[in-house]
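Written below as structure tokens is the structure these notes are about.
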Amino acid sequence: MATTLKPGDAAPDFSAKTTDGTPVSLQDYRGKKLVMYFYPMDDTPGCTKQACSLRDHNQELAAKGAAVLGVSTQDEASHEKFTRKYKLNFPLLADTDGAVGRAYGTIGGAGLMAKLKSAAGMADRVTFVIDEKGRIAHVIDKPNVANHAEEVLALL
């Protein structure tokens with residue numbers, strides 16, 4: 001597993017800009033559940049399947065009180081292009097310096113693949129379901145990209 005965070009832990013605070021340049025932090029999601037998913041790179045096959053799964057089920061997730069936030073190290077322009085191409089209906093966080101990924105343990109983990117991704121500035125694919133009080137409720141460290149929203153919905 002890439003991260004050492006586990007259910008019950010306080011979710012690390014973060015601050016970064018979304019697809020449209022809006023600054024967001026963990027505090028902005030207090031009082032609602034947050035599905036915060038880290039992914040390696042915009043517009044690649046697995047990342048696209050995962051984003052589209054969450055897009056297609058975003059209304060169901062919202063009905064269960066959850067917001068979705070995708071996080072990768074690409075910049076706002078890359079996220080904007082990815083969002084427009086696939087009509088994503090949730091924000092992507094531009095973690096260009098990798099600070100959010102490091103705080104959540106998705107960048108710089110052990111193992112060869114984690115080290116290769118980290119060297120390339122990419123996060124491991126890990127999803128955190130954060131509760132209304134800012135605590136980690138669930139960690140999905142090997143998401144099924146094509147059916148990721150269904151995995152998350154089963155946990156909410």
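Ordering of the structure tokens sets the chain letters (A, B, ...), residue numbers begin anew at 1 in every chain, and ligands are numbered from 1 in the order given.
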Give me, as JSON lines, each residue of segment 37-58 of chain A that comes within 9 Å of segment 86-104 of chain A, together with its shortest interatomic pair and the distance in Å at one decimal, counting only C-alpha atoms, with rows ordered by chain and rising residue number.
{"residue": "A:Phe38", "atom": "CA", "partner": "A:Gly101", "partner_atom": "CA", "distance": 7.5}
{"residue": "A:Asp43", "atom": "CA", "partner": "A:Tyr86", "partner_atom": "CA", "distance": 8.9}
{"residue": "A:Thr48", "atom": "CA", "partner": "A:Tyr86", "partner_atom": "CA", "distance": 8.0}
{"residue": "A:Ala51", "atom": "CA", "partner": "A:Leu88", "partner_atom": "CA", "distance": 7.3}
{"residue": "A:Cys52", "atom": "CA", "partner": "A:Leu88", "partner_atom": "CA", "distance": 7.1}
{"residue": "A:Leu54", "atom": "CA", "partner": "A:Leu88", "partner_atom": "CA", "distance": 8.5}
{"residue": "A:Arg55", "atom": "CA", "partner": "A:Leu88", "partner_atom": "CA", "distance": 5.6}
{"residue": "A:Asp56", "atom": "CA", "partner": "A:Leu88", "partner_atom": "CA", "distance": 8.7}
{"residue": "A:Asn58", "atom": "CA", "partner": "A:Asn89", "partner_atom": "CA", "distance": 7.4}
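Contact shell of Asp42 of chain A at 9 Å (only C-alpha atoms; same-chain neighbours under 4 positions omitted): Cys47, Thr48, Ser72, Gln74, Ser78, His79, Lys81 and Phe82 of chain A.
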Dump of C-alpha atoms for the selected residues, as a short mmCIF file (atom, residue, chain, number, x, y, z; two decimals), in the first residue's frame:
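Written out: part-v7.cif:
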data_model
loop_
_atom_site.label_atom_id
_atom_site.label_comp_id
_atom_site.auth_asym_id
_atom_site.auth_seq_id
_atom_site.Cartn_x
_atom_site.Cartn_y
_atom_site.Cartn_z
CA CYS A 47 -7.22 7.57 -15.30
CA THR A 48 -9.84 8.37 -17.92
CA SER A 72 -2.80 14.70 -9.69
CA GLN A 74 -0.59 18.09 -13.66
CA SER A 78 -3.89 20.07 -18.28
CA HIS A 79 -6.80 19.53 -15.88
CA LYS A 81 -8.31 20.18 -21.08
CA PHE A 82 -9.02 16.77 -19.47
#
* Secondary structure check, strand (DSSP E or B) residues of chain A, as a PyMOL selection string -> chain A and resi 10+15-18+23-25+33-38+66-72+92-94+126-130+135-140
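In this model, the gap between atom CA of Ala146 of chain A and atom CA of Thr19 of chain A comes to 22.6 Å.
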DSSP on the backbone, alpha helix (DSSP H) only: what residues of segment 44-110 of chain A does that give? Format it as a PDB file with N, CA and C atoms, in the first residue's frame.
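As written to disk, selection_37.pdb reads:
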ATOM      1  N   PRO A  45      -5.376   5.985 -20.244  1.00  0.00           N
ATOM      2  CA  PRO A  45      -6.512   5.055 -20.249  1.00  0.00           C
ATOM      3  C   PRO A  45      -7.138   4.760 -18.882  1.00  0.00           C
ATOM      4  N   GLY A  46      -6.351   4.354 -17.901  1.00  0.00           N
ATOM      5  CA  GLY A  46      -6.901   4.022 -16.587  1.00  0.00           C
ATOM      6  C   GLY A  46      -7.465   5.235 -15.870  1.00  0.00           C
ATOM      7  N   CYS A  47      -6.768   6.345 -15.968  1.00  0.00           N
ATOM      8  CA  CYS A  47      -7.217   7.570 -15.302  1.00  0.00           C
ATOM      9  C   CYS A  47      -8.500   8.095 -15.930  1.00  0.00           C
ATOM     10  N   THR A  48      -8.628   7.940 -17.236  1.00  0.00           N
ATOM     11  CA  THR A  48      -9.844   8.370 -17.922  1.00  0.00           C
ATOM     12  C   THR A  48     -11.023   7.494 -17.512  1.00  0.00           C
ATOM     13  N   LYS A  49     -10.832   6.177 -17.466  1.00  0.00           N
ATOM     14  CA  LYS A  49     -11.913   5.277 -17.037  1.00  0.00           C
ATOM     15  C   LYS A  49     -12.371   5.622 -15.625  1.00  0.00           C
ATOM     16  N   GLN A  50     -11.410   5.860 -14.733  1.00  0.00           N
ATOM     17  CA  GLN A  50     -11.740   6.172 -13.346  1.00  0.00           C
ATOM     18  C   GLN A  50     -12.520   7.483 -13.259  1.00  0.00           C
ATOM     19  N   ALA A  51     -12.046   8.519 -13.941  1.00  0.00           N
ATOM     20  CA  ALA A  51     -12.718   9.817 -13.909  1.00  0.00           C
ATOM     21  C   ALA A  51     -14.127   9.716 -14.493  1.00  0.00           C
ATOM     22  N   CYS A  52     -14.271   8.968 -15.585  1.00  0.00           N
ATOM     23  CA  CYS A  52     -15.586   8.848 -16.226  1.00  0.00           C
ATOM     24  C   CYS A  52     -16.554   8.039 -15.367  1.00  0.00           C
ATOM     25  N   SER A  53     -16.064   7.054 -14.643  1.00  0.00           N
ATOM     26  CA  SER A  53     -16.913   6.299 -13.720  1.00  0.00           C
ATOM     27  C   SER A  53     -17.468   7.241 -12.648  1.00  0.00           C
ATOM     28  N   LEU A  54     -16.611   8.066 -12.076  1.00  0.00           N
ATOM     29  CA  LEU A  54     -17.046   9.006 -11.052  1.00  0.00           C
ATOM     30  C   LEU A  54     -17.958  10.079 -11.648  1.00  0.00           C
ATOM     31  N   ARG A  55     -17.661  10.516 -12.860  1.00  0.00           N
ATOM     32  CA  ARG A  55     -18.524  11.492 -13.548  1.00  0.00           C
ATOM     33  C   ARG A  55     -19.930  10.921 -13.738  1.00  0.00           C
ATOM     34  N   ASP A  56     -19.994   9.692 -14.232  1.00  0.00           N
ATOM     35  CA  ASP A  56     -21.283   9.080 -14.555  1.00  0.00           C
ATOM     36  C   ASP A  56     -22.148   8.814 -13.328  1.00  0.00           C
ATOM     37  N   ASN A  58     -21.797  10.765 -10.393  1.00  0.00           N
ATOM     38  CA  ASN A  58     -21.612  11.896  -9.477  1.00  0.00           C
ATOM     39  C   ASN A  58     -22.923  12.294  -8.789  1.00  0.00           C
ATOM     40  N   GLN A  59     -24.052  12.210  -9.482  1.00  0.00           N
ATOM     41  CA  GLN A  59     -25.333  12.564  -8.848  1.00  0.00           C
ATOM     42  C   GLN A  59     -25.659  11.596  -7.711  1.00  0.00           C
ATOM     43  N   GLU A  60     -25.380  10.305  -7.910  1.00  0.00           N
ATOM     44  CA  GLU A  60     -25.627   9.315  -6.851  1.00  0.00           C
ATOM     45  C   GLU A  60     -24.704   9.571  -5.654  1.00  0.00           C
ATOM     46  N   LEU A  61     -23.453   9.918  -5.936  1.00  0.00           N
ATOM     47  CA  LEU A  61     -22.513  10.231  -4.854  1.00  0.00           C
ATOM     48  C   LEU A  61     -22.983  11.462  -4.085  1.00  0.00           C
ATOM     49  N   ALA A  62     -23.416  12.489  -4.829  1.00  0.00           N
ATOM     50  CA  ALA A  62     -23.907  13.718  -4.191  1.00  0.00           C
ATOM     51  C   ALA A  62     -25.155  13.434  -3.363  1.00  0.00           C
ATOM     52  N   ALA A  63     -26.008  12.531  -3.834  1.00  0.00           N
ATOM     53  CA  ALA A  63     -27.227  12.177  -3.089  1.00  0.00           C
ATOM     54  C   ALA A  63     -26.888  11.510  -1.759  1.00  0.00           C
ATOM     55  N   GLU A  76      -3.154  23.294 -13.925  1.00  0.00           N
ATOM     56  CA  GLU A  76      -4.543  23.675 -14.183  1.00  0.00           C
ATOM     57  C   GLU A  76      -4.906  23.565 -15.663  1.00  0.00           C
ATOM     58  N   ALA A  77      -3.987  23.912 -16.561  1.00  0.00           N
ATOM     59  CA  ALA A  77      -4.274  23.850 -18.004  1.00  0.00           C
ATOM     60  C   ALA A  77      -4.514  22.406 -18.440  1.00  0.00           C
ATOM     61  N   SER A  78      -3.706  21.480 -17.951  1.00  0.00           N
ATOM     62  CA  SER A  78      -3.886  20.068 -18.276  1.00  0.00           C
ATOM     63  C   SER A  78      -5.222  19.563 -17.731  1.00  0.00           C
ATOM     64  N   HIS A  79      -5.528  19.928 -16.496  1.00  0.00           N
ATOM     65  CA  HIS A  79      -6.800  19.525 -15.876  1.00  0.00           C
ATOM     66  C   HIS A  79      -7.996  20.112 -16.632  1.00  0.00           C
ATOM     67  N   GLU A  80      -7.859  21.355 -17.073  1.00  0.00           N
ATOM     68  CA  GLU A  80      -8.959  22.000 -17.794  1.00  0.00           C
ATOM     69  C   GLU A  80      -9.228  21.269 -19.111  1.00  0.00           C
ATOM     70  N   LYS A  81      -8.175  20.903 -19.813  1.00  0.00           N
ATOM     71  CA  LYS A  81      -8.307  20.176 -21.084  1.00  0.00           C
ATOM     72  C   LYS A  81      -8.942  18.802 -20.850  1.00  0.00           C
ATOM     73  N   PHE A  82      -8.493  18.091 -19.829  1.00  0.00           N
ATOM     74  CA  PHE A  82      -9.024  16.770 -19.472  1.00  0.00           C
ATOM     75  C   PHE A  82     -10.504  16.887 -19.088  1.00  0.00           C
ATOM     76  N   THR A  83     -10.826  17.892 -18.282  1.00  0.00           N
ATOM     77  CA  THR A  83     -12.207  18.123 -17.839  1.00  0.00           C
ATOM     78  C   THR A  83     -13.118  18.410 -19.025  1.00  0.00           C
ATOM     79  N   ARG A  84     -12.663  19.255 -19.926  1.00  0.00           N
ATOM     80  CA  ARG A  84     -13.468  19.625 -21.090  1.00  0.00           C
ATOM     81  C   ARG A  84     -13.653  18.428 -22.030  1.00  0.00           C
ATOM     82  N   LYS A  85     -12.579  17.691 -22.284  1.00  0.00           N
ATOM     83  CA  LYS A  85     -12.626  16.554 -23.213  1.00  0.00           C
ATOM     84  C   LYS A  85     -13.626  15.487 -22.754  1.00  0.00           C
ATOM     85  N   TYR A  86     -13.663  15.226 -21.438  1.00  0.00           N
ATOM     86  CA  TYR A  86     -14.512  14.153 -20.909  1.00  0.00           C
ATOM     87  C   TYR A  86     -15.721  14.674 -20.135  1.00  0.00           C
ATOM     88  N   ALA A  99       2.831  18.389  -2.982  1.00  0.00           N
ATOM     89  CA  ALA A  99       2.691  18.516  -1.522  1.00  0.00           C
ATOM     90  C   ALA A  99       1.482  17.755  -0.996  1.00  0.00           C
ATOM     91  N   VAL A 100       0.368  17.798  -1.720  1.00  0.00           N
ATOM     92  CA  VAL A 100      -0.840  17.102  -1.264  1.00  0.00           C
ATOM     93  C   VAL A 100      -0.612  15.592  -1.345  1.00  0.00           C
ATOM     94  N   GLY A 101      -0.043  15.133  -2.445  1.00  0.00           N
ATOM     95  CA  GLY A 101       0.257  13.707  -2.601  1.00  0.00           C
ATOM     96  C   GLY A 101       1.206  13.189  -1.530  1.00  0.00           C
ATOM     97  N   ARG A 102       2.222  13.970  -1.199  1.00  0.00           N
ATOM     98  CA  ARG A 102       3.146  13.544  -0.137  1.00  0.00           C
ATOM     99  C   ARG A 102       2.436  13.490   1.212  1.00  0.00           C
ATOM    100  N   ALA A 103       1.571  14.486   1.488  1.00  0.00           N
ATOM    101  CA  ALA A 103       0.839  14.517   2.760  1.00  0.00           C
ATOM    102  C   ALA A 103      -0.059  13.293   2.910  1.00  0.00           C
TER     103      ALA A 103
END
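The smallest atom-to-atom distance between Gly105 of chain A and any of A:Gly21, A:Gly134, A:Pro12, A:Gly65, using only C-alpha atoms, is found for A:Pro12.
Restricting the calculation to only C-alpha atoms, the smallest distance between Asp13 of chain A and any of A:Arg125, A:Arg135, A:Lys142, A:Lys33 is found for A:Arg135.
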* So, counting only C-alpha atoms, which residue among A:Asp131, A:Asp75, A:Asp124, A:Asp28 is closest to Pro40 of chain A? -> A:Asp124
* Write out as a ChimeraX atom specification which residues come within 8 Å of Glu132 of chain A when counting only C-alpha atoms, dropping same-chain ones fewer than 3 positions away. => /A:29-34,135
Convert the current residue selection to file output with N, CA and C atoms, as a compact mmCIF listing (two decimals), in the first residue's frame.
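File produced: out.txt:
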# COMPACT_ATOMS: atom_id res chain seq x y z
N TYR A 29 -14.67 21.35 2.70
CA TYR A 29 -15.53 20.16 2.61
C TYR A 29 -16.08 19.73 3.97
N ARG A 30 -15.83 20.50 5.02
CA ARG A 30 -16.38 20.16 6.34
C ARG A 30 -17.89 20.08 6.26
N GLY A 31 -18.46 19.07 6.92
CA GLY A 31 -19.90 18.92 6.93
C GLY A 31 -20.43 18.04 5.80
N LYS A 32 -19.53 17.62 4.89
CA LYS A 32 -19.94 16.68 3.86
C LYS A 32 -18.82 15.66 3.67
N LYS A 33 -19.18 14.56 3.06
CA LYS A 33 -18.17 13.53 2.76
C LYS A 33 -17.39 13.98 1.53
N LEU A 34 -16.12 13.60 1.49
CA LEU A 34 -15.27 13.92 0.35
C LEU A 34 -14.65 12.64 -0.19
N ARG A 135 -12.11 13.13 8.93
CA ARG A 135 -11.37 11.91 9.26
C ARG A 135 -11.46 10.93 8.09
